[in-house]
$ cat target_9.cif   # mmCIF, C-alpha atoms
data_start
#
loop_
_atom_site.label_atom_id
_atom_site.label_comp_id
_atom_site.auth_asym_id
_atom_site.auth_seq_id
_atom_site.Cartn_x
_atom_site.Cartn_y
_atom_site.Cartn_z
CA MET D 1 147.51 104.91 112.79
CA ALA D 2 146.90 108.02 114.87
CA VAL D 3 143.30 109.16 115.22
CA ASN D 4 142.60 112.84 114.71
CA VAL D 5 140.05 113.97 117.30
CA GLU D 6 138.51 117.42 116.86
CA THR D 7 136.93 119.17 119.85
CA LEU D 8 133.69 120.91 118.89
CA ASP D 9 132.36 121.80 122.36
CA LYS D 10 133.05 120.98 126.01
CA LEU D 11 132.12 117.34 125.54
CA GLU D 12 131.45 117.11 121.80
CA ARG D 13 134.08 115.52 119.59
CA LYS D 14 134.44 114.71 115.87
CA ILE D 15 136.56 112.12 114.13
CA THR D 16 136.84 111.19 110.45
CA LEU D 17 136.64 107.54 109.46
CA GLU D 18 138.08 106.36 106.12
CA LEU D 19 137.24 102.93 104.69
CA PRO D 20 138.86 101.38 101.58
CA LEU D 21 136.19 100.65 98.97
CA GLU D 22 138.09 97.52 97.98
CA ALA D 23 137.74 96.03 101.47
CA ILE D 24 134.05 96.90 101.54
CA GLN D 25 133.41 95.28 98.18
CA LYS D 26 135.37 92.20 99.18
CA GLU D 27 133.16 91.73 102.26
CA VAL D 28 130.01 92.32 100.16
CA ASP D 29 131.14 89.61 97.72
CA THR D 30 131.86 87.21 100.58
CA ARG D 31 128.41 87.68 102.08
CA LEU D 32 126.66 87.39 98.72
CA LYS D 33 128.46 84.06 98.06
CA ARG D 34 127.38 82.83 101.48
CA LEU D 35 123.84 83.94 100.71
CA GLN D 36 123.92 82.24 97.31
CA ARG D 37 124.38 78.86 99.01
CA GLN D 38 121.36 79.46 101.28
CA VAL D 39 118.81 81.41 99.23
CA LYS D 40 115.76 79.71 97.72
CA LEU D 41 114.06 81.23 94.67
CA ASP D 42 111.33 79.86 92.43
CA GLY D 43 112.70 78.21 89.28
CA PHE D 44 116.11 77.42 90.78
CA ARG D 45 117.38 74.49 92.76
CA PRO D 46 118.69 75.33 96.28
CA GLY D 47 122.24 76.66 96.05
CA LYS D 48 122.07 77.03 92.26
CA VAL D 49 120.72 80.59 91.99
CA PRO D 50 123.05 82.58 89.67
CA MET D 51 125.18 85.18 91.43
CA SER D 52 123.84 87.90 89.11
CA VAL D 53 120.30 87.18 90.37
CA VAL D 54 121.40 87.11 94.02
CA ALA D 55 123.31 90.37 93.60
CA GLN D 56 120.38 92.06 91.85
CA ARG D 57 117.94 91.04 94.58
CA TYR D 58 120.07 91.33 97.71
CA GLY D 59 123.04 93.49 96.70
CA TYR D 60 121.73 96.79 98.11
CA SER D 61 120.74 95.38 101.51
CA VAL D 62 124.01 93.45 101.86
CA HIS D 63 126.03 96.53 100.92
CA TYR D 64 124.11 98.63 103.46
CA GLU D 65 124.68 95.99 106.13
CA VAL D 66 128.42 95.80 105.39
CA MET D 67 128.79 99.59 105.47
CA ASN D 68 127.06 99.75 108.86
CA ASP D 69 129.25 96.99 110.26
CA GLN D 70 132.48 98.43 108.86
CA VAL D 71 131.72 101.97 110.02
CA GLY D 72 130.79 100.69 113.47
CA GLN D 73 134.00 98.68 113.73
CA ALA D 74 136.08 101.61 112.51
CA PHE D 75 134.43 103.95 115.02
CA ASN D 76 134.95 101.57 117.94
CA ALA D 77 138.57 101.05 116.96
CA ALA D 78 139.16 104.81 116.64
CA VAL D 79 137.68 105.76 120.02
CA ALA D 80 139.53 102.87 121.69
CA GLU D 81 142.83 104.05 120.19
CA ALA D 82 142.10 107.62 121.29
CA GLN D 83 141.06 106.31 124.74
CA LEU D 84 137.70 108.09 124.65
CA ARG D 85 134.64 107.14 126.72
CA VAL D 86 131.69 107.74 124.42
CA ALA D 87 128.40 108.97 125.89
CA GLY D 88 125.38 108.03 123.79
CA GLN D 89 125.22 107.13 120.13
CA PRO D 90 127.42 108.94 117.55
CA ARG D 91 125.90 110.86 114.63
CA ILE D 92 127.65 109.47 111.55
CA THR D 93 127.35 111.09 108.12
CA GLU D 94 129.17 110.46 104.85
CA LYS D 95 131.84 113.05 104.05
CA ASP D 96 132.34 114.54 100.62
CA GLY D 97 135.74 114.89 98.95
CA ALA D 98 137.25 111.60 100.06
CA PRO D 99 140.41 110.39 98.22
CA GLU D 100 139.91 107.98 95.31
CA GLY D 101 139.23 104.42 96.42
CA VAL D 102 138.11 105.53 99.86
CA VAL D 103 134.74 106.33 101.43
CA ALA D 104 134.87 108.76 104.37
CA PHE D 105 132.52 109.43 107.27
CA GLU D 106 132.38 112.02 110.01
CA ALA D 107 131.35 110.82 113.47
CA VAL D 108 130.16 113.47 115.92
CA PHE D 109 129.66 112.32 119.48
CA GLU D 110 129.93 113.25 123.14
CA VAL D 111 132.38 111.91 125.67
CA PHE D 112 131.84 111.40 129.36
CA PRO D 113 133.14 114.34 131.39
CA GLU D 114 135.95 114.54 133.85
CA VAL D 115 134.39 114.54 137.31
CA LYS D 116 136.03 116.67 139.98
CA ILE D 117 134.76 116.01 143.48
CA GLY D 118 135.41 118.88 145.85
CA ASP D 119 136.56 118.77 149.45
CA LEU D 120 133.77 116.89 151.21
CA SER D 121 135.05 118.03 154.60
CA ALA D 122 133.71 121.48 153.73
CA THR D 123 130.29 120.08 152.81
CA GLU D 124 127.42 120.45 155.30
CA VAL D 125 124.69 117.83 155.47
CA GLU D 126 121.85 117.07 157.89
CA GLN D 127 121.46 113.53 159.19
CA LEU D 128 117.98 112.64 160.41
CA GLN D 129 117.51 110.61 163.57
CA ALA D 130 114.36 109.02 165.00
CA GLU D 131 113.38 106.54 167.66
CA VAL D 132 110.57 104.08 168.19
CA ASP D 133 108.91 105.26 171.40
CA GLU D 134 106.06 103.79 173.42
CA ALA D 135 103.55 106.08 171.68
CA ALA D 136 104.54 104.59 168.31
CA ILE D 137 104.00 101.08 169.64
CA GLU D 138 100.59 102.05 171.05
CA ARG D 139 99.59 103.66 167.77
CA THR D 140 100.58 100.53 165.85
CA LEU D 141 98.64 98.39 168.29
CA ASP D 142 95.58 100.58 167.69
CA ILE D 143 96.02 100.12 163.93
CA LEU D 144 96.17 96.34 164.35
CA ARG D 145 92.94 96.44 166.37
CA LYS D 146 91.24 98.65 163.77
CA GLN D 147 92.21 96.23 161.03
CA ARG D 148 90.19 93.55 162.83
CA ARG D 149 87.28 95.66 164.06
CA THR D 150 83.66 94.76 163.57
CA PHE D 151 80.56 96.95 163.25
CA ALA D 152 77.04 96.63 164.64
CA ALA D 153 74.01 98.87 164.09
CA ARG D 154 73.49 101.62 166.64
CA ALA D 155 70.23 101.76 168.55
CA ASP D 156 67.40 103.70 166.96
CA GLY D 157 67.70 107.41 167.51
CA GLU D 158 71.40 107.41 168.34
CA ALA D 159 73.54 110.00 166.52
CA ALA D 160 76.64 109.24 164.46
CA GLN D 161 79.91 109.52 166.39
CA SER D 162 83.58 109.43 165.46
CA GLY D 163 84.57 105.84 164.68
CA ASP D 164 81.10 104.89 163.43
CA ARG D 165 80.58 103.51 159.95
CA VAL D 166 77.83 105.47 158.22
CA THR D 167 76.01 104.61 155.01
CA ILE D 168 74.69 107.63 153.14
CA ASP D 169 73.28 108.96 149.90
CA PHE D 170 74.75 112.27 148.79
CA GLU D 171 74.52 114.69 145.90
CA GLY D 172 76.76 117.68 145.34
CA LYS D 173 76.17 120.68 143.08
CA ILE D 174 78.33 123.62 142.07
CA ASP D 175 76.36 126.72 141.03
CA GLY D 176 73.28 124.52 140.99
CA GLU D 177 74.75 121.98 138.57
CA PRO D 178 75.76 118.39 139.44
CA PHE D 179 79.41 117.50 138.82
CA GLN D 180 81.21 114.24 138.06
CA GLY D 181 81.91 112.20 141.20
CA GLY D 182 79.59 114.36 143.28
CA GLN D 183 76.82 111.78 143.70
CA ALA D 184 76.63 108.35 145.37
CA THR D 185 74.04 105.94 146.75
CA ASP D 186 74.60 103.62 149.73
CA PHE D 187 78.10 105.03 150.21
CA ALA D 188 79.79 103.75 153.40
CA PHE D 189 82.76 105.27 155.23
CA VAL D 190 84.12 105.43 158.78
CA LEU D 191 83.95 108.79 160.50
CA GLY D 192 87.41 109.90 161.57
CA ASP D 193 89.35 107.65 159.18
CA GLY D 194 90.06 110.53 156.78
CA GLN D 195 88.42 108.90 153.74
CA MET D 196 86.34 112.04 153.22
CA LEU D 197 87.24 115.71 153.60
CA LYS D 198 87.10 116.83 157.24
CA GLU D 199 84.32 119.35 156.50
CA PHE D 200 82.21 116.54 155.00
CA GLU D 201 82.78 114.30 158.03
CA ASP D 202 82.02 117.16 160.44
CA ALA D 203 78.67 117.73 158.69
CA VAL D 204 77.68 114.06 159.09
CA LEU D 205 78.76 113.83 162.73
CA GLY D 206 75.70 114.00 164.99
CA MET D 207 73.19 113.09 162.28
CA LYS D 208 70.68 110.26 162.82
CA VAL D 209 69.27 107.59 160.53
CA GLY D 210 66.66 109.10 158.20
CA GLU D 211 67.95 112.65 158.59
CA SER D 212 68.98 114.82 155.65
CA LYS D 213 71.15 117.89 155.64
CA THR D 214 72.37 120.43 153.08
CA PHE D 215 75.76 122.08 153.71
CA PRO D 216 78.45 123.96 151.76
CA LEU D 217 81.87 122.37 151.22
CA ALA D 218 84.88 124.27 149.93
CA PHE D 219 87.30 122.02 148.02
CA PRO D 220 90.99 122.81 148.68
CA GLU D 221 93.00 124.49 145.93
CA ASP D 222 95.24 121.40 145.71
CA TYR D 223 92.36 118.90 145.64
CA HIS D 224 93.10 115.90 143.39
CA GLY D 225 89.93 116.51 141.35
CA LYS D 226 91.08 119.49 139.30
CA GLU D 227 87.60 120.25 137.96
CA VAL D 228 86.36 121.07 141.49
CA ALA D 229 89.59 122.24 143.17
CA GLY D 230 89.16 125.64 144.79
CA LYS D 231 85.37 125.65 144.26
CA THR D 232 82.51 125.46 146.75
CA ALA D 233 79.81 122.82 146.37
CA ASP D 234 76.45 122.39 148.12
CA PHE D 235 75.90 118.82 149.31
CA LEU D 236 72.63 117.14 150.23
CA VAL D 237 73.31 114.15 152.51
CA THR D 238 70.84 111.54 153.78
CA VAL D 239 71.93 109.06 156.46
CA LYS D 240 70.63 105.52 155.88
CA LYS D 241 72.61 103.45 158.39
CA ILE D 242 74.85 104.04 161.43
CA GLU D 243 77.06 101.25 162.77
CA GLN D 244 79.16 101.44 165.91
CA GLN D 245 82.65 99.99 165.73
CA HIS D 246 83.84 97.29 168.09
CA LEU D 247 87.58 96.95 168.62
CA PRO D 248 88.82 93.50 169.68
CA GLU D 249 90.35 93.11 173.12
CA VAL D 250 94.09 92.60 173.19
CA ASP D 251 93.81 89.13 174.68
CA GLU D 252 95.65 85.88 174.06
CA ALA D 253 93.43 84.89 171.11
CA PHE D 254 93.92 88.25 169.42
CA ILE D 255 97.68 88.17 169.94
CA LYS D 256 98.01 84.62 168.60
CA SER D 257 95.95 85.59 165.55
CA LEU D 258 98.81 87.98 164.73
CA GLY D 259 101.30 85.11 164.66
CA ILE D 260 102.71 85.68 168.17
CA GLU D 261 102.78 82.14 169.56
CA ALA D 262 103.56 83.25 173.14
CA GLY D 263 100.20 85.02 173.22
CA THR D 264 101.38 87.69 175.69
CA LEU D 265 101.13 91.45 175.39
CA GLU D 266 104.85 91.76 176.13
CA ALA D 267 105.73 89.47 173.21
CA LEU D 268 103.40 91.40 170.89
CA ARG D 269 104.84 94.76 171.88
CA GLU D 270 108.39 93.45 171.38
CA ASP D 271 107.47 92.13 167.92
CA ILE D 272 105.93 95.50 167.01
CA ARG D 273 109.06 97.29 168.27
CA ARG D 274 111.37 95.12 166.14
CA ASN D 275 109.29 95.65 163.01
CA LEU D 276 109.03 99.40 163.58
CA GLU D 277 112.75 99.73 164.26
CA ARG D 278 113.48 97.91 161.02
CA GLU D 279 111.11 100.19 159.10
CA VAL D 280 112.53 103.30 160.79
CA LYS D 281 116.05 102.21 159.86
CA PHE D 282 115.15 101.77 156.19
CA ARG D 283 113.27 105.08 156.03
CA LEU D 284 116.04 107.02 157.74
CA GLN D 285 118.57 105.35 155.49
CA ALA D 286 116.61 106.35 152.39
CA ARG D 287 116.16 109.98 153.42
CA ASN D 288 119.70 110.40 154.70
CA LYS D 289 121.03 108.78 151.55
CA THR D 290 119.17 111.33 149.44
CA ALA D 291 120.64 114.16 151.52
CA ALA D 292 124.16 112.72 151.24
CA LEU D 293 123.93 112.18 147.48
CA ASP D 294 122.57 115.70 146.95
CA ALA D 295 125.46 117.10 149.00
CA LEU D 296 127.91 115.00 146.98
CA ALA D 297 126.46 116.19 143.67
CA ALA D 298 126.62 119.82 144.83
CA ALA D 299 130.30 119.40 145.71
CA ALA D 300 131.23 118.05 142.28
CA GLU D 301 132.21 119.86 139.09
CA LEU D 302 131.31 118.32 135.74
CA ASP D 303 129.59 118.99 132.45
CA LEU D 304 126.55 116.87 131.62
CA PRO D 305 126.54 114.92 128.34
CA LYS D 306 123.41 115.97 126.45
CA ALA D 307 123.11 112.50 124.93
CA ALA D 308 123.00 110.89 128.38
CA VAL D 309 120.37 113.38 129.57
CA GLU D 310 118.23 112.77 126.48
CA ALA D 311 118.51 109.01 126.97
CA GLU D 312 117.40 109.41 130.59
CA ILE D 313 114.44 111.54 129.51
CA ASP D 314 113.49 108.77 127.07
CA ARG D 315 113.47 106.28 129.96
CA LEU D 316 111.39 108.57 132.16
CA VAL D 317 108.84 109.22 129.39
CA GLU D 318 108.59 105.48 128.74
CA GLY D 319 108.08 104.91 132.46
CA ALA D 320 105.30 107.50 132.50
CA ARG D 321 103.59 105.77 129.57
CA ASN D 322 103.83 102.39 131.30
CA ASP D 323 102.29 103.94 134.41
CA LEU D 324 99.39 105.27 132.33
CA LYS D 325 98.90 101.80 130.81
CA GLN D 326 98.76 100.20 134.25
CA ARG D 327 96.10 102.71 135.25
CA GLY D 328 94.05 101.64 132.26
CA ILE D 329 94.41 104.90 130.34
CA LYS D 330 93.28 104.42 126.75
CA ASP D 331 95.89 105.03 124.01
CA ALA D 332 98.63 105.60 126.60
CA ASP D 333 101.21 105.08 123.84
CA LYS D 334 99.90 108.16 122.05
CA ALA D 335 99.38 110.39 125.08
CA PRO D 336 101.26 113.69 124.71
CA ILE D 337 103.94 113.77 127.42
CA PRO D 338 106.09 116.92 127.29
CA ARG D 339 109.76 115.96 127.56
CA GLU D 340 110.59 119.18 129.40
CA LEU D 341 108.66 117.85 132.42
CA PHE D 342 111.50 115.39 133.00
CA GLN D 343 114.46 117.65 132.14
CA GLN D 344 115.41 118.53 135.71
CA GLN D 345 114.91 114.99 137.01
CA ALA D 346 116.95 113.51 134.15
CA GLU D 347 119.81 115.98 134.70
CA ARG D 348 119.88 115.12 138.41
CA ARG D 349 119.98 111.39 137.69
CA VAL D 350 122.77 111.68 135.14
CA ARG D 351 124.78 114.00 137.39
CA LEU D 352 124.40 111.70 140.38
CA GLY D 353 125.20 108.62 138.33
CA LEU D 354 128.48 110.10 137.08
CA VAL D 355 129.52 111.50 140.45
CA VAL D 356 128.65 108.33 142.37
CA ALA D 357 130.50 106.16 139.83
CA GLU D 358 133.60 108.34 140.19
CA LEU D 359 133.50 108.22 143.99
CA ILE D 360 133.04 104.43 144.01
CA LYS D 361 135.98 103.95 141.64
CA ALA D 362 138.26 106.39 143.47
CA ASN D 363 137.56 104.97 146.94
CA ASP D 364 136.81 101.30 146.23
CA LEU D 365 133.27 101.49 147.66
CA ARG D 366 132.01 98.41 145.84
CA ALA D 367 129.28 96.32 147.46
CA THR D 368 130.78 93.17 148.97
CA PRO D 369 128.92 89.82 148.89
CA GLU D 370 128.69 90.01 152.70
CA GLN D 371 127.03 93.44 152.58
CA ILE D 372 124.58 92.33 149.89
CA ASP D 373 123.65 89.21 151.86
CA ALA D 374 123.23 91.17 155.12
CA HIS D 375 120.99 93.79 153.48
CA LEU D 376 118.94 91.10 151.75
CA ARG D 377 118.36 89.19 154.98
CA GLU D 378 117.39 92.35 156.84
CA LEU D 379 114.94 93.20 154.05
CA ALA D 380 113.47 89.67 154.15
CA ALA D 381 113.13 89.62 157.95
CA SER D 382 109.79 91.46 157.85
CA TYR D 383 108.18 88.68 155.79
CA GLU D 384 106.55 85.54 157.14
CA TYR D 385 109.01 83.24 155.36
CA PRO D 386 112.33 85.15 155.12
CA GLU D 387 114.33 82.32 153.54
CA GLU D 388 111.89 82.09 150.64
CA VAL D 389 112.27 85.85 150.04
CA VAL D 390 116.07 85.50 150.07
CA ARG D 391 115.92 82.63 147.57
CA TRP D 392 113.54 84.62 145.36
CA TYR D 393 116.00 87.52 145.13
CA LYS D 394 119.01 85.26 144.62
CA SER D 395 117.26 83.34 141.84
CA SER D 396 117.34 86.41 139.57
CA ALA D 397 120.46 88.30 138.54
CA GLU D 398 118.30 91.37 137.85
CA ARG D 399 116.71 91.35 141.30
CA LEU D 400 120.06 90.74 142.98
CA SER D 401 121.60 93.65 141.04
CA GLU D 402 118.88 95.92 142.48
CA ILE D 403 120.00 94.97 146.00
CA GLU D 404 123.63 95.53 145.01
CA ALA D 405 122.76 99.02 143.72
CA ILE D 406 121.09 99.89 147.04
CA VAL D 407 124.12 98.69 149.01
CA LEU D 408 126.44 100.67 146.72
CA GLU D 409 124.47 103.85 147.35
CA ASN D 410 124.48 103.14 151.09
CA ASN D 411 128.27 102.81 150.96
CA VAL D 412 128.52 106.14 149.15
CA ALA D 413 126.22 107.82 151.69
CA ASP D 414 128.24 106.42 154.59
CA PHE D 415 131.43 107.70 152.95
CA VAL D 416 129.94 111.21 152.58
CA PHE D 417 128.72 111.28 156.18
CA GLY D 418 132.17 110.15 157.30
CA LYS D 419 133.82 113.11 155.54
CA ALA D 420 131.26 115.94 155.69
CA LYS D 421 130.23 118.33 158.44
CA VAL D 422 127.21 116.46 159.78
CA THR D 423 124.41 118.12 161.72
CA PRO D 424 122.15 115.61 163.50
CA LYS D 425 118.46 116.48 163.25
CA ARG D 426 115.81 114.73 165.27
CA ILE D 427 112.55 113.91 163.51
CA GLU D 428 109.38 112.63 165.13
CA PHE D 429 108.37 109.05 164.41
CA ALA D 430 104.97 110.08 163.01
CA GLU D 431 106.54 112.58 160.60
CA LEU D 432 109.06 109.99 159.37
CA MET D 433 106.28 107.47 158.77
CA GLY D 434 104.09 110.05 157.00
CA GLN D 435 101.37 109.80 159.64
CA GLY D 436 99.12 112.73 160.33
#
$ encode --input "target_9.cif" --output "structure tokens"
Amino acid sequence: MAVNVETLDKLERKITLELPLEAIQKEVDTRLKRLQRQVKLDGFRPGKVPMSVVAQRYGYSVHYEVMNDQVGQAFNAAVAEAQLRVAGQPRITEKDGAPEGVVAFEAVFEVFPEVKIGDLSATEVEQLQAEVDEAAIERTLDILRKQRRTFAARADGEAAQSGDRVTIDFEGKIDGEPFQGGQATDFAFVLGDGQMLKEFEDAVLGMKVGESKTFPLAFPEDYHGKEVAGKTADFLVTVKKIEQQHLPEVDEAFIKSLGIEAGTLEALREDIRRNLEREVKFRLQARNKTAALDALAAAAELDLPKAAVEAEIDRLVEGARNDLKQRGIKDADKAPIPRELFQQQAERRVRLGLVVAELIKANDLRATPEQIDAHLRELAASYEYPEEVVRWYKSSAERLSEIEAIVLENNVADFVFGKAKVTPKRIEFAELMGQG
């Protein structure tokens, strides 16, 4: 029979479901008879409990279960007949005034929108480009040396210099009062590594063992410790130890310790270049993909299903709670997390999901097994045992689906860049890598 679909709003629809009471009762009776053969009650042999007792004890729950099943089946059949794509869960309520022998329900729900993707040739998008230069290789080589550096005490009377590891006691006060996290004993850090605020490091530079100094320090407005952000503290620092760093020579032993069997500087530099080029490729791909997807979303016209947005907010809130748990926050399940914090992010995700799905379907941009395998092997190449990494991903359908999703998005980004007005933009290696 034809399904009458009423449009309430842009995406909101309503349909009426009518179920014959006779069919419902027949299914209830069938389930109660099945239950009678299985139920065990004191005073009765198994399978011999009178139907009147079974009905009295289980009738309500069985009837509720049957109604849920029948309504669900009727709803699914109705939306399938009407060829509707339902977004989210329907709100189903019983309707008054149904004909005799019939129980009626109203189902209010949202449908997925029609997605109209505009002319991508009129869309402008920047495409970042970067190269691995000799300076990047030298910087990486310096990092590798620092990772294996050693420290030895400076001679008596020598002042602390950049690169030295200093051990200090310090106490900070704001308006004469100590504050949380403002005190430490035997605290060690390397001058110039950025572990402490620059003003703090500058104050310690040039000090000698046994010296003390008091100096003001203004915390930035965006400092991670909100209780001191934007305030000025007075610090008393006492230097207890100064150790000079020693960087290893880039010799054959050092190079082989990094897994370069040839042991030559040329082989090490080539290995660094390959790894950096791989990392640069992935980072450029990620940033350019974001730019392409944003341009695609901006070129599309669609209404967002509220149910889908609310479901996405639920996922984001749950993710935030899990993050709090992992950080050891007590009662993370009860922490107040305002849903409006995630509104914009959820809307963007839903919008992108719908637009990307439409583009993939319209242009057959599915991820091929060859693309998935190529991406997986490129990802695994940076590990010591690539084949083990590949097997680890392929052993899990969930992990493999994550790789497939990345390849799908890459295909979409490539499609957008192939259609849009692209402006190449060069970015420095250090900026791409987030290095100061």
$ residues_around --input "target_9.cif" --residues "Lys240 in chain D" --least-positions-apart "5" --cutoff "9 Å" --atoms "only C-alpha atoms" --output "PyMOL selection string"
chain D and resi 166-169+186+208-211
$ closest_residue --input "target_9.cif" --among "D:Glu171, D:Glu131, D:Glu94, D:Glu221" --to "Arg426 in chain D" --atoms "all atoms listed in the file"
D:Glu131
$ atom_distance --input "target_9.cif" --atom1 "CA of Ala405 in chain D" --atom2 "CA of Ile372 in chain D"
9.3 Å
$ resolve_selection --input "target_9.cif" --expression "the PyMOL selection byres ((chain D and resi 214) around 6)" --output "PyMOL selection string"
chain D and resi 213+215+235-236
$ resolve_selection --input "target_9.cif" --expression "the PyMOL selection byres ((chain D and resi 278) around 12)" --output "ChimeraX atom specification"
/D:130-132,271-277,279-285,375,377-383
$ closest_residue --input "target_9.cif" --among "D:Glu261, D:Thr232, D:Thr238, D:Leu354" --to "Phe187 in chain D" --atoms "all atoms listed in the file"
D:Thr238
$ resolve_selection --input "target_9.cif" --expression "the PyMOL selection byres ((chain D and resi 156) around 10)" --output "JSON, numbers by chain"
{"D": [153, 154, 155, 157, 158, 159, 208, 209, 242]}
$ closest_residue --input "target_9.cif" --among "D:Asp96, D:Asp42, D:Glu347, D:Glu81" --to "Val3 in chain D" --atoms "only C-alpha atoms"
D:Glu81
$ atom_distance --input "target_9.cif" --atom1 "CA of Phe219 in chain D" --atom2 "CA of Gly182 in chain D"
11.9 Å
$ axis_aligned_box --input "target_9.cif" --around "range 257-264 of chain D" --padding-each-side "8 Å" --output "lines of an AutoDock Vina configuration file"
center_x = 99.8
center_y = 85.1
center_z = 170.2
size_x = 23.6
size_y = 21.8
size_z = 27.0
$ residues_around --input "target_9.cif" --residues "range 117-123 of chain D" --least-positions-apart "6" --cutoff "6 Å" --atoms "only C-alpha atoms" --output "ChimeraX atom specification"
/D:299-300,419-421
$ atom_distance --input "target_9.cif" --atom1 "CA of Leu19 in chain D" --atom2 "CA of Phe105 in chain D"
8.4 Å
$ residues_around --input "target_9.cif" --residues "Leu141 in chain D" --least-positions-apart "5" --cutoff "9 Å" --atoms "only C-alpha atoms" --output "list in words"
Ala136, Lys146, Val250, Leu268, Arg269 and Ile272 of chain D
$ closest_residue --input "target_9.cif" --among "D:Val49, D:Leu197, D:Ala152, D:Val237" --to "Gln183 in chain D" --atoms "all atoms listed in the file"
D:Val237
$ build_atoms --input "target_9.cif" --residues "range 430-435 of chain D" --atoms "all heavy atoms" --output "PDB file, keeping the file's coordinate frame"
ATOM      1  N   ALA D 430     106.154 109.921 163.858  1.00  0.00           N
ATOM      2  CA  ALA D 430     104.970 110.080 163.010  1.00  0.00           C
ATOM      3  C   ALA D 430     105.294 110.813 161.716  1.00  0.00           C
ATOM      4  O   ALA D 430     104.790 110.466 160.644  1.00  0.00           O
ATOM      5  CB  ALA D 430     103.868 110.829 163.785  1.00  0.00           C
ATOM      6  N   GLU D 431     106.158 111.828 161.804  1.00  0.00           N
ATOM      7  CA  GLU D 431     106.540 112.580 160.600  1.00  0.00           C
ATOM      8  C   GLU D 431     107.341 111.691 159.652  1.00  0.00           C
ATOM      9  O   GLU D 431     107.129 111.709 158.431  1.00  0.00           O
ATOM     10  CB  GLU D 431     107.370 113.793 160.990  1.00  0.00           C
ATOM     11  CG  GLU D 431     107.761 114.664 159.795  1.00  0.00           C
ATOM     12  CD  GLU D 431     108.637 115.835 160.198  1.00  0.00           C
ATOM     13  OE1 GLU D 431     108.795 116.106 161.402  1.00  0.00           O
ATOM     14  OE2 GLU D 431     109.178 116.499 159.254  1.00  0.00           O
ATOM     15  N   LEU D 432     108.260 110.890 160.196  1.00  0.00           N
ATOM     16  CA  LEU D 432     109.060 109.990 159.370  1.00  0.00           C
ATOM     17  C   LEU D 432     108.171 108.981 158.654  1.00  0.00           C
ATOM     18  O   LEU D 432     108.396 108.663 157.483  1.00  0.00           O
ATOM     19  CB  LEU D 432     110.077 109.262 160.243  1.00  0.00           C
ATOM     20  CG  LEU D 432     110.964 108.232 159.532  1.00  0.00           C
ATOM     21  CD1 LEU D 432     111.878 108.918 158.535  1.00  0.00           C
ATOM     22  CD2 LEU D 432     111.760 107.436 160.539  1.00  0.00           C
ATOM     23  N   MET D 433     107.152 108.492 159.335  1.00  0.00           N
ATOM     24  CA  MET D 433     106.280 107.470 158.770  1.00  0.00           C
ATOM     25  C   MET D 433     105.166 108.057 157.908  1.00  0.00           C
ATOM     26  O   MET D 433     104.362 107.318 157.335  1.00  0.00           O
ATOM     27  CB  MET D 433     105.663 106.629 159.892  1.00  0.00           C
ATOM     28  CG  MET D 433     106.678 105.981 160.816  1.00  0.00           C
ATOM     29  SD  MET D 433     107.805 104.850 159.986  1.00  0.00           S
ATOM     30  CE  MET D 433     106.742 103.442 159.789  1.00  0.00           C
ATOM     31  N   GLY D 434     105.114 109.405 157.823  1.00  0.00           N
ATOM     32  CA  GLY D 434     104.090 110.050 157.000  1.00  0.00           C
ATOM     33  C   GLY D 434     102.707 109.958 157.616  1.00  0.00           C
ATOM     34  O   GLY D 434     101.692 109.939 156.916  1.00  0.00           O
ATOM     35  N   GLN D 435     102.640 109.904 158.962  1.00  0.00           N
ATOM     36  CA  GLN D 435     101.370 109.800 159.640  1.00  0.00           C
ATOM     37  C   GLN D 435     100.915 111.175 160.110  1.00  0.00           C
ATOM     38  O   GLN D 435     101.709 111.968 160.596  1.00  0.00           O
ATOM     39  CB  GLN D 435     101.476 108.859 160.861  1.00  0.00           C
ATOM     40  CG  GLN D 435     101.869 107.436 160.471  1.00  0.00           C
ATOM     41  CD  GLN D 435     102.190 106.586 161.686  1.00  0.00           C
ATOM     42  OE1 GLN D 435     102.438 107.114 162.776  1.00  0.00           O
ATOM     43  NE2 GLN D 435     102.203 105.277 161.496  1.00  0.00           N
TER      44      GLN D 435
END
